[in-house]
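To be precise, the following lines are target-v2.csv, and they hold CSV, C-alpha atoms.
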```
chain,number,residue,atom,x,y,z
A,247,MET,CA,30.9,33.3,-38.6
A,248,GLU,CA,30.5,30.5,-35.9
A,249,THR,CA,32.6,30.8,-32.8
A,250,GLU,CA,34.6,27.7,-32.0
A,251,ARG,CA,33.5,26.2,-28.7
A,252,ARG,CA,36.1,25.2,-26.2
A,253,LEU,CA,35.9,21.9,-24.3
A,254,PRO,CA,36.6,22.7,-20.6
A,255,GLU,CA,39.1,20.7,-18.6
A,256,ARG,CA,37.6,17.9,-16.5
A,257,LEU,CA,37.1,18.8,-12.9
A,258,THR,CA,39.5,17.0,-10.5
A,259,VAL,CA,39.6,16.7,-6.7
A,260,ASP,CA,43.1,18.2,-6.6
A,261,ARG,CA,42.4,21.3,-8.7
A,262,THR,CA,38.9,22.4,-7.5
A,263,VAL,CA,37.9,24.9,-4.8
A,264,LEU,CA,34.4,25.7,-3.8
A,265,VAL,CA,33.5,29.4,-3.2
A,266,VAL,CA,30.2,30.0,-1.3
A,267,ILE,CA,29.2,33.6,-2.0
A,268,ASP,CA,27.1,35.7,0.5
A,269,LEU,CA,24.6,33.2,1.8
A,270,GLN,CA,23.6,35.5,4.6
A,271,GLU,CA,20.6,35.2,6.9
A,272,LYS,CA,19.2,38.6,5.9
A,273,PHE,CA,18.7,37.5,2.3
A,274,ARG,CA,16.7,34.3,3.2
A,275,ASP,CA,13.3,35.8,2.4
A,276,LEU,CA,14.4,38.0,-0.5
A,277,ILE,CA,16.0,35.4,-2.9
A,278,HIS,CA,14.0,33.5,-5.4
A,279,GLY,CA,14.3,29.7,-4.6
A,280,MET,CA,16.5,30.3,-1.6
A,281,ASP,CA,15.6,26.9,0.0
A,282,ARG,CA,17.0,25.1,-3.0
A,283,VAL,CA,20.1,27.3,-3.1
A,284,MET,CA,20.8,26.6,0.6
A,285,GLU,CA,20.2,22.8,0.2
A,286,ARG,CA,22.4,22.5,-2.9
A,287,SER,CA,25.1,24.6,-1.4
A,288,GLN,CA,25.1,22.6,1.8
A,289,ARG,CA,25.4,19.4,-0.3
A,290,LEU,CA,28.4,20.9,-2.3
A,291,ILE,CA,30.0,21.9,1.0
A,292,GLY,CA,29.6,18.5,2.5
A,293,PHE,CA,30.9,16.8,-0.6
A,294,SER,CA,33.9,19.1,-0.8
A,295,ARG,CA,34.8,18.7,2.9
A,296,GLN,CA,34.7,14.9,2.7
A,297,LEU,CA,37.1,15.0,-0.3
A,298,LYS,CA,39.3,17.7,1.3
A,299,ILE,CA,38.4,20.2,-1.4
A,300,PRO,CA,38.9,23.7,0.1
A,301,VAL,CA,35.8,25.7,0.8
A,302,LEU,CA,35.9,29.5,0.9
A,303,VAL,CA,32.9,31.5,2.3
A,304,THR,CA,32.3,35.2,1.8
A,305,GLU,CA,30.0,37.7,3.5
A,306,GLN,CA,29.0,40.9,1.9
A,307,TYR,CA,29.2,43.8,4.4
A,308,PRO,CA,28.2,41.6,7.4
A,309,ARG,CA,27.8,44.6,9.8
A,310,GLY,CA,24.9,45.8,7.7
A,311,LEU,CA,23.7,42.6,6.0
A,312,GLY,CA,24.2,40.1,8.8
A,313,VAL,CA,26.2,36.9,9.0
A,314,THR,CA,26.2,33.7,7.0
A,315,ALA,CA,23.1,31.6,7.5
A,316,GLY,CA,23.3,29.1,10.4
A,317,GLU,CA,23.1,25.9,8.3
A,318,ILE,CA,26.0,27.1,6.1
A,319,ARG,CA,28.0,28.1,9.2
A,320,GLU,CA,27.3,24.6,10.6
A,321,ALA,CA,28.3,22.8,7.4
A,322,CYS,CA,31.6,24.7,7.3
A,323,ARG,CA,32.7,24.2,11.0
A,324,PRO,CA,35.1,25.4,12.0
A,325,PHE,CA,33.7,28.5,10.3
A,326,LYS,CA,35.5,31.5,9.1
A,327,ALA,CA,34.1,33.9,6.5
A,328,ILE,CA,36.0,36.4,4.3
A,329,GLU,CA,34.3,39.7,4.8
A,330,LYS,CA,34.1,41.9,1.7
A,331,MET,CA,32.7,45.2,0.5
A,332,THR,CA,33.3,44.6,-3.2
A,333,PHE,CA,30.6,42.8,-5.2
A,334,SER,CA,33.2,40.6,-6.9
A,335,CYS,CA,34.9,38.3,-4.4
A,336,ALA,CA,38.1,38.7,-6.5
A,337,GLY,CA,37.9,42.5,-5.9
A,338,ASP,CA,38.9,41.8,-2.3
A,339,GLU,CA,42.6,41.1,-1.4
A,340,ALA,CA,41.8,38.8,1.5
A,341,PHE,CA,39.8,36.6,-0.8
A,342,ASN,CA,42.5,36.6,-3.5
A,343,GLN,CA,45.1,35.6,-0.9
A,344,ALA,CA,42.9,32.8,0.4
A,345,LEU,CA,42.2,31.6,-3.1
A,346,ARG,CA,45.9,31.7,-4.0
A,347,ALA,CA,46.8,29.8,-0.8
A,348,THR,CA,44.6,26.9,-2.0
A,349,GLY,CA,46.8,26.4,-5.1
A,350,ARG,CA,43.6,25.5,-7.0
A,351,ASP,CA,42.6,26.8,-10.5
A,352,GLN,CA,39.1,25.3,-11.0
A,353,VAL,CA,36.7,27.5,-9.0
A,354,ILE,CA,33.2,26.3,-8.3
A,355,LEU,CA,30.8,29.1,-7.4
A,356,CYS,CA,27.5,28.9,-5.5
A,357,GLY,CA,25.6,31.6,-3.7
A,358,ILE,CA,23.9,34.9,-4.4
A,359,GLU,CA,23.1,37.1,-6.3
A,360,THR,CA,23.6,35.4,-9.6
A,361,HIS,CA,23.6,38.6,-11.7
A,362,VAL,CA,25.7,40.7,-9.2
A,363,CYS,CA,28.3,39.1,-6.9
A,364,VAL,CA,28.4,35.7,-8.6
A,365,TYR,CA,28.6,37.2,-12.1
A,366,GLN,CA,31.3,39.8,-11.2
A,367,THR,CA,33.3,37.1,-9.4
A,368,ALA,CA,33.1,34.8,-12.3
A,369,CYS,CA,34.3,37.5,-14.7
A,370,ASP,CA,37.3,38.5,-12.5
A,371,LEU,CA,38.3,34.8,-12.0
A,372,LEU,CA,38.2,34.2,-15.8
A,373,ARG,CA,40.4,37.3,-16.3
A,374,GLN,CA,42.8,35.7,-13.9
A,375,GLY,CA,43.0,32.6,-16.1
A,376,ARG,CA,41.0,30.3,-13.9
A,377,GLN,CA,38.4,27.8,-15.0
A,378,VAL,CA,35.0,28.9,-13.5
A,379,ILE,CA,32.2,26.5,-12.8
A,380,ILE,CA,28.8,27.8,-11.8
A,381,ALA,CA,26.6,25.4,-9.8
A,382,ALA,CA,23.4,26.6,-11.5
A,383,ASP,CA,21.1,24.9,-9.0
A,384,ALA,CA,22.9,26.6,-6.1
A,385,VAL,CA,22.8,30.2,-7.3
A,386,SER,CA,19.9,32.7,-7.4
A,387,SER,CA,18.8,36.3,-7.3
A,388,CYS,CA,15.9,38.2,-5.9
A,389,SER,CA,14.1,37.6,-9.2
A,390,ALA,CA,14.1,34.5,-11.5
A,391,ALA,CA,14.7,36.8,-14.5
A,392,ASP,CA,17.9,38.2,-12.9
A,393,ARG,CA,19.1,34.7,-12.1
A,394,GLU,CA,18.6,33.6,-15.7
A,395,LEU,CA,20.2,36.8,-17.1
A,396,GLY,CA,23.2,36.2,-14.8
A,397,LEU,CA,23.6,32.6,-15.9
A,398,GLN,CA,23.3,33.4,-19.6
A,399,ARG,CA,25.9,36.2,-19.3
A,400,MET,CA,28.3,34.0,-17.4
A,401,ARG,CA,27.9,31.3,-20.1
A,402,ASP,CA,28.5,33.9,-22.8
A,403,VAL,CA,31.8,35.0,-21.2
A,404,GLY,CA,33.2,31.5,-20.8
A,405,ALA,CA,32.0,30.1,-17.4
A,406,ASP,CA,30.9,26.5,-17.3
A,407,ILE,CA,27.3,26.2,-16.2
A,408,MET,CA,26.6,22.8,-14.5
A,409,GLY,CA,24.3,21.4,-11.8
A,410,SER,CA,25.7,20.5,-8.4
A,411,GLN,CA,25.2,16.8,-9.0
A,412,MET,CA,26.8,17.0,-12.4
A,413,ILE,CA,29.8,18.7,-10.7
A,414,MET,CA,30.1,16.0,-8.1
A,415,PHE,CA,30.0,13.1,-10.6
A,416,GLU,CA,32.5,14.8,-12.8
A,417,ILE,CA,35.0,15.2,-9.9
A,418,LEU,CA,34.5,11.5,-8.9
A,419,ARG,CA,34.8,10.1,-12.4
A,420,GLU,CA,33.8,6.5,-11.5
A,421,ALA,CA,31.7,4.5,-9.1
A,422,GLY,CA,32.9,2.0,-6.6
A,423,THR,CA,36.0,3.9,-5.5
A,424,PRO,CA,36.7,4.8,-1.8
A,425,ASP,CA,35.9,8.4,-2.6
A,426,PHE,CA,32.6,7.5,-4.2
A,427,LYS,CA,31.5,5.5,-1.2
A,428,LEU,CA,32.6,8.3,1.1
A,429,VAL,CA,30.4,10.9,-0.6
A,430,SER,CA,27.5,8.8,-1.9
A,431,ALA,CA,25.0,10.4,0.4
A,432,PHE,CA,25.6,13.8,-1.2
A,433,LEU,CA,25.0,12.4,-4.7
A,434,LYS,CA,21.2,11.8,-4.3
A,435,ASN,CA,18.8,14.2,-6.0
```
Translate this file's structure into structure tokens.
Amino acid sequence: METERRLPERLTVDRTVLVVIDLQEKFRDLIHGMDRVMERSQRLIGFSRQLKIPVLVTEQYPRGLGVTAGEIREACRPFKAIEKMTFSCAGDEAFNQALRATGRDQVILCGIETHVCVYQTACDLLRQGRQVIIAADAVSSCSAADRELGLQRMRDVGADIMGSQMIMFEILREAGTPDFKLVSAFLKN
């Protein structure tokens, strides 16, 4: 029996929020393709901030694992991270309060690790009835295999897997608008 596929709602500038998960300095040399993850995450942050899309940043146990990487902190100035001990961002009440305060229901996730914190966050947000979008080129794990496993599992449970450029173009909808001109530098591959 074939499962009916759902068509996700289109992403809109007034419904989306970007969540940047645990891009901490201590992980820089441990994560597969971390340079790409950082660059794509910075691009998503810049795009979001220009369009006044809220950006939430988490840090996993910063006392032990260190603070958010400098380039992410810089992109998010003024910077404020949500410290957490739970693997799922949605397992932390401060995160849930911050997310509710945005009033947004389309949650774009980027960060690390795909098969742990990103995956568990995606599942919990789906359970809350939110639309979850994974920026596939802005997530990773220590191994490429764990990254792929995490992406596949999130696809299986109903998250939308998209590239960062794909996300940005869907939010914009058309060229030539003031918003398009404002963020055109972030759209380049």
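Distance-wise, atom CA of A:Thr304 and atom CA of A:Lys330 end up 6.9 Å apart.
Proximity ranking of A:Val429, A:Leu418, A:Val265, A:Cys356 relative to A:Leu397 places A:Cys356 first, based on only C-alpha atoms.
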A:Lys434 environment, 12 Å, only C-alpha atoms, sequence neighbours closer than 5 positions dropped, as a list in words: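 These residues fall inside the cut-off: Glu285, Arg286, Arg289, Leu290, Phe293, Ser410, Gln411, Met412, Met414, Phe415 and Val429 of chain A.
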Grab the residues selected above and save them as a compact mmCIF listing (two decimals), keeping the file's coordinate frame with C-alpha atoms.
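Output (out-v6.txt):
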```txt
# COMPACT_ATOMS: atom_id res chain seq x y z
CA GLU A 285 20.20 22.80 0.20
CA ARG A 286 22.40 22.50 -2.90
CA ARG A 289 25.40 19.40 -0.30
CA LEU A 290 28.40 20.90 -2.30
CA PHE A 293 30.90 16.80 -0.60
CA SER A 410 25.70 20.50 -8.40
CA GLN A 411 25.20 16.80 -9.00
CA MET A 412 26.80 17.00 -12.40
CA MET A 414 30.10 16.00 -8.10
CA PHE A 415 30.00 13.10 -10.60
CA VAL A 429 30.40 10.90 -0.60
```
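Comparing the minimum interatomic distances between A:Ala340 and each of A:Asp406, A:Ser287, A:Leu302, A:Gly279, counting only C-alpha atoms, we find that A:Leu302 sits nearest.
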Å distance separating atom CA of A:His278 from atom CA of A:Ala381, one decimal place: 15.6 Å
Å distance separating atom CA of A:Asp281 from atom CA of A:Glu305, one decimal place: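 Separation of atom CA of A:Asp281 and atom CA of A:Glu305: 18.3 Å.
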Who sits within 12 Å of A:Leu355, all atoms listed in the file, same chain under 2 positions skipped, as number ranges by chain: A: 262-269, 283, 286-287, 290-291, 301-304, 334-335, 352-353, 357-360, 363-369, 371, 377-386, 397, 400, 405-410, 413
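Closest approach to A:Pro308 from the set A:Gln343, A:Gln270, A:Gln288, A:Thr332 is made by A:Gln270, with distances taken over all atoms listed in the file.
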Which stretch 339-419 of chain A residues have any atom within 10 Å of an atom of stretch 313-328 of chain A, and for each, what is the nearest pair of atoms with distance in Å to one decimal, counting all atoms listed in the file, rows sorted by chain and number, as a tab-separated table?
```
residue	atom	partner	partner_atom	distance
A:Glu339	CA	A:Ile328	CA	9.9
A:Ala340	CA	A:Ile328	CA	6.9
A:Phe341	CA	A:Ile328	CA	6.4
A:Ala344	CA	A:Ile328	CA	8.7
```
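Checking A:Arg261, A:Leu433, A:Arg401, A:Gly292 one by one against A:Ala421, counting all atoms listed in the file, you find the shortest gap at A:Leu433.
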